file final_16.cif (mmCIF, C-alpha atoms and all ligand atoms)
data_work
loop_
_atom_site.label_atom_id
_atom_site.label_comp_id
_atom_site.auth_asym_id
_atom_site.auth_seq_id
_atom_site.Cartn_x
_atom_site.Cartn_y
_atom_site.Cartn_z
CA MET A 1435 -0.63 -23.80 25.99
CA SER A 1436 1.35 -26.89 27.00
CA LYS A 1437 0.25 -29.18 29.84
CA THR A 1438 3.32 -28.05 31.81
CA SER A 1439 2.61 -24.32 31.61
CA SER A 1440 -1.01 -24.75 32.74
CA THR A 1441 0.18 -26.35 36.00
CA VAL A 1442 2.46 -23.44 36.96
CA SER A 1443 0.99 -20.66 39.09
CA HIS A 1444 3.53 -17.83 38.58
CA PRO A 1445 2.52 -15.74 35.51
CA ARG A 1446 6.05 -15.03 34.21
CA LEU A 1447 7.12 -18.65 34.61
CA ARG A 1448 3.89 -19.71 32.88
CA ARG A 1449 4.82 -17.50 29.90
CA VAL A 1450 8.29 -19.05 29.70
CA TYR A 1451 6.91 -22.61 29.86
CA ALA A 1452 4.12 -21.88 27.37
CA ARG A 1453 6.53 -20.70 24.65
CA GLU A 1454 7.84 -23.30 22.21
CA GLY A 1455 11.29 -22.49 20.83
CA ASP A 1456 13.58 -19.60 21.72
CA LYS A 1457 12.67 -17.25 24.61
CA HIS A 1458 15.27 -14.51 24.21
CA ASP A 1459 12.73 -11.66 24.47
CA LEU A 1460 11.15 -13.18 27.60
CA TRP A 1461 14.54 -13.37 29.37
CA ASP A 1462 15.37 -9.79 28.34
CA ALA A 1463 12.06 -8.60 29.79
CA TRP A 1464 12.52 -10.58 33.03
CA ALA A 1465 15.99 -9.22 33.92
CA ASP A 1466 14.42 -6.49 36.02
CA GLY A 1467 12.65 -8.25 38.89
CA TYR A 1468 14.08 -11.70 38.12
CA ASP A 1469 15.83 -12.14 41.48
CA ALA A 1470 12.79 -11.05 43.49
CA ASP A 1471 10.49 -13.35 41.51
CA LEU A 1472 12.81 -16.35 41.50
CA ILE A 1473 14.06 -16.25 45.06
CA GLY A 1474 11.18 -14.47 46.79
CA GLU A 1475 8.18 -15.94 45.01
CA LEU A 1476 9.27 -19.17 43.33
CA GLY A 1477 11.68 -20.50 45.96
CA TYR A 1478 14.47 -20.97 43.41
CA VAL A 1479 17.36 -22.89 44.98
CA ALA A 1480 18.99 -24.47 41.90
CA HIS A 1481 22.05 -22.17 42.09
CA GLU A 1482 22.65 -23.15 45.73
CA GLN A 1483 22.06 -26.86 45.15
CA ALA A 1484 24.32 -26.99 42.09
CA GLY A 1485 26.75 -24.62 43.88
CA GLU A 1486 27.08 -27.03 46.81
CA LEU A 1487 27.97 -29.85 44.45
CA PHE A 1488 30.40 -27.50 42.66
CA LEU A 1489 32.25 -26.81 45.95
CA ASN A 1490 32.87 -30.55 46.38
CA ARG A 1491 33.95 -31.16 42.78
CA VAL A 1492 36.06 -28.01 42.29
CA PRO A 1493 37.83 -27.26 45.59
CA GLU A 1494 40.50 -25.01 43.98
CA ARG A 1495 39.30 -21.40 44.54
CA SER A 1496 41.53 -20.01 41.76
CA ALA A 1497 39.91 -22.32 39.19
CA ARG A 1498 39.00 -20.60 35.93
CA VAL A 1499 35.22 -21.08 35.85
CA LEU A 1500 32.63 -20.46 33.13
CA ASP A 1501 29.14 -19.57 34.42
CA ALA A 1502 27.18 -20.44 31.27
CA GLY A 1503 23.83 -18.68 31.03
CA CYS A 1504 24.76 -16.62 34.08
CA GLY A 1505 21.60 -14.50 33.96
CA THR A 1506 21.59 -11.89 36.72
CA GLY A 1507 24.55 -13.60 38.40
CA LEU A 1508 23.05 -15.71 41.17
CA GLY A 1509 25.55 -18.49 40.45
CA GLY A 1510 28.48 -16.05 40.30
CA ALA A 1511 27.43 -14.48 43.60
CA TYR A 1512 27.24 -17.93 45.22
CA LEU A 1513 30.73 -18.82 43.96
CA ALA A 1514 32.17 -15.44 45.02
CA ALA A 1515 30.72 -15.89 48.52
CA HIS A 1516 32.64 -19.19 48.67
CA GLY A 1517 35.95 -17.67 47.59
CA TYR A 1518 36.08 -18.25 43.80
CA HIS A 1519 37.63 -15.22 42.10
CA ASN A 1520 38.18 -16.26 38.47
CA VAL A 1521 34.60 -16.70 37.28
CA HIS A 1522 33.57 -15.69 33.75
CA GLY A 1523 29.92 -15.31 32.76
CA VAL A 1524 28.20 -15.59 29.39
CA ASP A 1525 24.55 -15.15 28.48
CA TYR A 1526 22.74 -14.09 25.30
CA SER A 1527 20.58 -11.55 27.17
CA GLU A 1528 22.20 -8.10 27.48
CA PRO A 1529 19.70 -6.94 30.15
CA MET A 1530 20.52 -10.04 32.24
CA LEU A 1531 24.26 -9.38 31.82
CA GLU A 1532 23.73 -5.77 32.90
CA VAL A 1533 22.32 -6.92 36.25
CA ALA A 1534 25.15 -9.46 36.60
CA ARG A 1535 27.70 -6.70 35.88
CA GLY A 1536 26.29 -4.69 38.80
CA ARG A 1537 27.15 -7.49 41.25
CA GLY A 1538 30.90 -7.07 40.61
CA VAL A 1539 31.61 -10.77 41.11
CA TYR A 1540 32.72 -11.77 37.58
CA ALA A 1541 36.21 -11.52 36.09
CA SER A 1542 34.50 -11.04 32.71
CA LEU A 1543 31.03 -11.05 31.17
CA ALA A 1544 30.17 -11.53 27.52
CA VAL A 1545 27.26 -12.07 25.17
CA HIS A 1546 27.12 -15.63 23.85
CA ASP A 1547 24.39 -17.92 22.49
CA LEU A 1548 24.81 -21.36 24.06
CA THR A 1549 23.34 -23.11 21.02
CA ARG A 1550 26.65 -22.22 19.32
CA PRO A 1551 30.24 -23.28 20.06
CA LEU A 1552 32.20 -21.07 22.45
CA PRO A 1553 35.29 -19.34 21.00
CA ARG A 1554 38.03 -21.84 20.10
CA GLU A 1555 40.55 -20.18 22.41
CA ALA A 1556 38.23 -20.47 25.45
CA HIS A 1557 39.36 -22.94 28.13
CA TYR A 1558 38.16 -23.47 31.69
CA ASP A 1559 38.85 -25.65 34.73
CA ALA A 1560 35.10 -25.98 35.35
CA VAL A 1561 31.73 -25.00 33.91
CA LEU A 1562 28.68 -24.16 36.01
CA CYS A 1563 25.38 -23.88 34.14
CA VAL A 1564 22.24 -23.35 36.18
CA GLY A 1565 18.64 -22.84 35.09
CA VAL A 1566 19.34 -22.88 31.35
CA PHE A 1567 18.54 -26.44 30.22
CA ALA A 1568 14.90 -27.49 30.43
CA PHE A 1569 12.68 -27.46 27.37
CA PHE A 1570 14.55 -26.74 24.11
CA PRO A 1571 16.52 -24.70 23.04
CA PRO A 1572 19.27 -25.01 24.14
CA ALA A 1573 18.93 -28.76 23.59
CA VAL A 1574 20.76 -31.81 24.94
CA GLY A 1575 23.23 -31.75 22.03
CA ASP A 1576 24.32 -28.23 22.96
CA LEU A 1577 25.94 -29.61 26.12
CA ARG A 1578 28.87 -30.58 23.87
CA HIS A 1579 29.72 -26.88 23.52
CA LEU A 1580 30.18 -26.66 27.30
CA VAL A 1581 32.44 -29.70 27.64
CA ALA A 1582 34.47 -28.62 24.58
CA VAL A 1583 36.00 -25.71 26.54
CA LEU A 1584 37.02 -27.82 29.54
CA GLU A 1585 40.58 -28.84 30.30
CA PRO A 1586 40.88 -32.66 30.22
CA GLY A 1587 39.24 -34.34 33.21
CA CYS A 1588 37.55 -31.12 34.41
CA PRO A 1589 33.80 -31.08 35.14
CA ALA A 1590 30.76 -29.32 33.72
CA ILE A 1591 28.08 -29.07 36.40
CA VAL A 1592 24.76 -28.46 34.70
CA THR A 1593 21.19 -28.34 36.00
CA VAL A 1594 18.13 -29.55 34.12
CA ASN A 1595 14.62 -28.46 35.10
CA GLY A 1596 12.71 -31.53 36.36
CA ARG A 1597 9.61 -30.79 34.24
CA GLY A 1598 11.73 -30.51 31.13
CA TRP A 1599 13.58 -33.66 32.17
CA VAL A 1600 10.36 -35.68 32.00
CA GLU A 1601 8.65 -33.87 29.12
CA LYS A 1602 11.65 -34.00 26.77
CA ASP A 1603 12.82 -37.47 27.89
CA TRP A 1604 16.28 -36.20 28.83
CA GLU A 1605 17.34 -39.60 30.17
CA ARG A 1606 17.03 -41.23 26.75
CA LEU A 1607 18.50 -38.24 24.85
CA LEU A 1608 21.48 -37.97 27.22
CA ALA A 1609 22.27 -41.65 26.76
CA GLU A 1610 22.13 -41.20 22.96
CA GLU A 1611 24.42 -38.13 23.06
CA GLN A 1612 26.88 -39.96 25.32
CA ARG A 1613 26.93 -42.92 22.92
CA ALA A 1614 27.62 -40.47 20.07
CA GLY A 1615 30.68 -39.22 21.99
CA SER A 1616 29.47 -35.68 22.75
CA PHE A 1617 30.39 -35.99 26.45
CA VAL A 1618 30.80 -38.46 29.31
CA ILE A 1619 28.22 -38.46 32.11
CA ASP A 1620 29.94 -38.90 35.49
CA SER A 1621 26.80 -38.67 37.62
CA VAL A 1622 23.21 -37.40 37.79
CA HIS A 1623 21.75 -36.02 41.02
CA THR A 1624 18.18 -35.06 41.94
CA ILE A 1625 17.93 -31.61 43.55
CA ALA A 1626 15.32 -29.15 44.85
CA TYR A 1627 14.80 -26.49 42.15
CA LEU A 1628 11.68 -24.27 42.20
CA THR A 1629 10.42 -25.22 45.64
CA ARG A 1630 7.22 -23.12 45.69
CA GLU A 1631 6.09 -24.59 42.36
CA GLY A 1632 6.87 -28.16 43.46
CA ILE A 1633 9.39 -28.54 40.62
CA ASP A 1634 12.56 -30.53 41.23
CA GLY A 1635 15.65 -30.69 39.05
CA ARG A 1636 18.70 -32.72 38.10
CA VAL A 1637 22.37 -31.85 38.24
CA LEU A 1638 24.55 -33.48 35.62
CA VAL A 1639 28.29 -33.83 36.13
CA LEU A 1640 29.91 -34.18 32.70
CA HIS A 1641 33.37 -34.19 31.17
CA ARG A 1642 34.61 -34.45 27.63
CA GLU A 1643 36.04 -37.57 26.03
CA ALA A 1644 39.83 -37.33 26.28
CA SER A 1645 40.12 -38.23 22.61
CA THR A 1646 37.72 -35.59 21.25
CA ASN A 1647 37.44 -31.83 21.16
CA GLY A 1648 33.73 -32.03 22.04
CA GLY A 1649 32.59 -31.94 18.45
CA VAL A 1650 33.37 -28.28 17.83
C1 LIG B 1 16.41 -19.27 34.45
S1 LIG B 1 17.66 -18.15 33.92
C2 LIG B 1 19.05 -18.77 34.85
C3 LIG B 1 20.06 -17.69 35.13
C4 LIG B 1 21.11 -18.04 36.20
N1 LIG B 1 22.02 -19.05 35.74
C5 LIG B 1 20.41 -18.44 37.47
O1 LIG B 1 20.61 -19.57 37.93
O2 LIG B 1 19.68 -17.61 38.01
C6 LIG B 1 18.03 -18.70 32.29
C7 LIG B 1 19.14 -17.89 31.63
O3 LIG B 1 19.59 -18.58 30.47
C8 LIG B 1 19.80 -17.64 29.45
N2 LIG B 1 19.67 -18.34 28.17
C9 LIG B 1 18.63 -19.05 27.70
N3 LIG B 1 18.90 -19.54 26.48
C10 LIG B 1 20.17 -19.15 26.18
C11 LIG B 1 21.02 -19.33 25.05
N4 LIG B 1 20.64 -20.02 23.98
N5 LIG B 1 22.25 -18.77 25.08
C12 LIG B 1 22.66 -18.05 26.16
N6 LIG B 1 21.90 -17.83 27.25
C13 LIG B 1 20.67 -18.38 27.26
C14 LIG B 1 18.71 -16.60 29.65
O4 LIG B 1 19.02 -15.37 29.02
C15 LIG B 1 18.68 -16.51 31.17
O5 LIG B 1 19.56 -15.53 31.65
#
call {"tool": "encode", "arguments": {"input": "final_16.cif", "output": "structure tokens", "more": "lines below"}}
Ligand SMILES: C[S@@+](CC[C@H](N)C(=O)[O-])C[C@H]1O[C@@H](n2cnc3c(N)ncnc32)[C@H](O)[C@@H]1O
result
Amino acid sequence: MSKTSSTVSHPRLRRVYAREGDKHDLWDAWADGYDADLIGELGYVAHEQAGELFLNRVPERSARVLDAGCGTGLGGAYLAAHGYHNVHGVDYSEPMLEVARGRGVYASLAVHDLTRPLPREAHYDAVLCVGVFAFFPPAVGDLRHLVAVLEPGCPAIVTVNGRGWVEKDWERLLAEEQRAGSFVIDSVHTIAYLTREGIDGRVLVLHREASTNGGV
């Protein structure tokens, strides 16, 4: 068990943090009860914190938005409550997507693994990605898939779990990826994240290099 997982009190979160590598089965199993655990027990506020920043950066309510790793749809529900009506969700967990579907706030929902490029024809005015990036995978380099589908100058607003940020040395890896031309970092903000576990987070605002297609 990693040092991080042993300092987390919630059993399901501990299982997620303890697992090295992919956690697809854990997300599938958590779809039922996720919202109650995250909001009720863990004090999850990442979707609201990133959502607030999103409102400032993307004022146009008709913007075509990708909610990447939408899970049960907390981010989509936040955006819908603030008037966005062209929000598209992807996630690799069918059970998570099923819960999101029930909210009726997405223009479309689809299965997609974020460690892979999005379809070539995909294009968005903004990307919101909350609660997905932490420990790997998906890894820092996979952020290039998100900026690759953005119209020029449009933002990807992406959270990173604060524990993962420290443990994986995101600051160094982000700088390396930016130097390699995967994306441009506009700003990094510290946010509240899992308040009852004392875990903070970061929000990255990224865009793609005008001269590249994001490496896809
Ligand atoms: C902590 S939940 C966050 C869900 C939602 N964005 C929120 O804020 O509540 C993490 C989500 O990322 C999804 N996920 C993790 N790795 C993924 C990958 N490689 N491709 C697509 N989705 C992934 C999981 O299935 C899960 O729904």
call {"tool": "residues_around", "arguments": {"input": "final_16.cif", "residues": "region 1560-1574 of chain A", "least_positions_apart": "2", "cutoff": "6 Å", "atoms": "only C-alpha atoms", "output": "short mmCIF file (atom, residue, chain, number, x, y, z; two decimals) with C-alpha atoms, keeping the file's coordinate frame"}}
result
data_model
loop_
_atom_site.label_atom_id
_atom_site.label_comp_id
_atom_site.auth_asym_id
_atom_site.auth_seq_id
_atom_site.Cartn_x
_atom_site.Cartn_y
_atom_site.Cartn_z
CA VAL A 1499 35.22 -21.08 35.85
CA LEU A 1500 32.63 -20.46 33.13
CA ASP A 1501 29.14 -19.57 34.42
CA ALA A 1502 27.18 -20.44 31.27
CA THR A 1549 23.34 -23.11 21.02
CA TYR A 1558 38.16 -23.47 31.69
CA ASP A 1576 24.32 -28.23 22.96
CA LEU A 1577 25.94 -29.61 26.12
CA CYS A 1588 37.55 -31.12 34.41
CA PRO A 1589 33.80 -31.08 35.14
CA ALA A 1590 30.76 -29.32 33.72
CA ILE A 1591 28.08 -29.07 36.40
CA VAL A 1592 24.76 -28.46 34.70
CA THR A 1593 21.19 -28.34 36.00
CA VAL A 1594 18.13 -29.55 34.12
CA ASN A 1595 14.62 -28.46 35.10
CA GLY A 1598 11.73 -30.51 31.13
#
call {"tool": "residues_near_ligand", "arguments": {"input": "final_16.cif", "ligand": "ligand LIG 1 (chain B)", "cutoff": "6 Å", "atoms": "only C-alpha atoms and all ligand atoms", "output": "PyMOL selection string"}}
result
chain A and resi 1461+1481+1503-1505+1508-1509+1525-1527+1530+1546-1549+1564-1566+1572
call {"tool": "closest_residue", "arguments": {"input": "final_16.cif", "among": "A:Val1637, A:Leu1608, A:Leu1513, A:Arg1453", "to": "His1623 (chain A)", "atoms": "only C-alpha atoms"}}
result
A:Val1637
call {"tool": "closest_residue", "arguments": {"input": "final_16.cif", "among": "A:Thr1629, A:Ser1616, A:Thr1624, A:Asn1520", "to": "Leu1472 (chain A)", "atoms": "only C-alpha atoms"}}
result
A:Thr1629
call {"tool": "atom_distance", "arguments": {"input": "final_16.cif", "atom1": "CA of Asp1459 (chain A)", "atom2": "CA of Ala1534 (chain A)"}}
result
17.5 Å
call {"tool": "residues_near_point", "arguments": {"input": "final_16.cif", "point": "(23.3, -26.8, 45.4)", "cutoff": "10 Å", "atoms": "all atoms listed in the file", "output": "PyMOL selection string"}}
result
chain A and resi 1479-1489+1509+1512+1564+1593+1625-1627+1637
call {"tool": "build_atoms", "arguments": {"input": "final_16.cif", "residues": "region 1607-1618 of chain A", "atoms": "N, CA and C atoms", "output": "compact mmCIF listing (two decimals), in the coordinates of the input"}}
result
# COMPACT_ATOMS: atom_id res chain seq x y z
N LEU A 1607 17.69 -39.08 25.74
CA LEU A 1607 18.50 -38.24 24.85
C LEU A 1607 19.94 -38.11 25.33
N LEU A 1608 20.12 -38.04 26.66
CA LEU A 1608 21.48 -37.97 27.22
C LEU A 1608 22.26 -39.23 26.89
N ALA A 1609 21.60 -40.37 27.04
CA ALA A 1609 22.27 -41.65 26.76
C ALA A 1609 22.68 -41.69 25.28
N GLU A 1610 21.80 -41.21 24.40
CA GLU A 1610 22.13 -41.20 22.96
C GLU A 1610 23.32 -40.29 22.68
N GLU A 1611 23.32 -39.08 23.29
CA GLU A 1611 24.42 -38.13 23.06
C GLU A 1611 25.74 -38.70 23.60
N GLN A 1612 25.65 -39.38 24.75
CA GLN A 1612 26.88 -39.96 25.32
C GLN A 1612 27.41 -41.04 24.38
N ARG A 1613 26.50 -41.87 23.86
CA ARG A 1613 26.93 -42.92 22.92
C ARG A 1613 27.58 -42.31 21.68
N ALA A 1614 27.07 -41.14 21.27
CA ALA A 1614 27.62 -40.47 20.07
C ALA A 1614 28.95 -39.78 20.36
N GLY A 1615 29.36 -39.76 21.64
CA GLY A 1615 30.68 -39.22 21.99
C GLY A 1615 30.69 -37.73 22.28
N SER A 1616 29.51 -37.13 22.49
CA SER A 1616 29.47 -35.68 22.75
C SER A 1616 30.05 -35.32 24.10
N PHE A 1617 29.89 -36.22 25.08
CA PHE A 1617 30.39 -35.99 26.45
C PHE A 1617 30.30 -37.31 27.21
N VAL A 1618 30.91 -37.31 28.41
CA VAL A 1618 30.80 -38.46 29.31
C VAL A 1618 30.01 -38.00 30.53
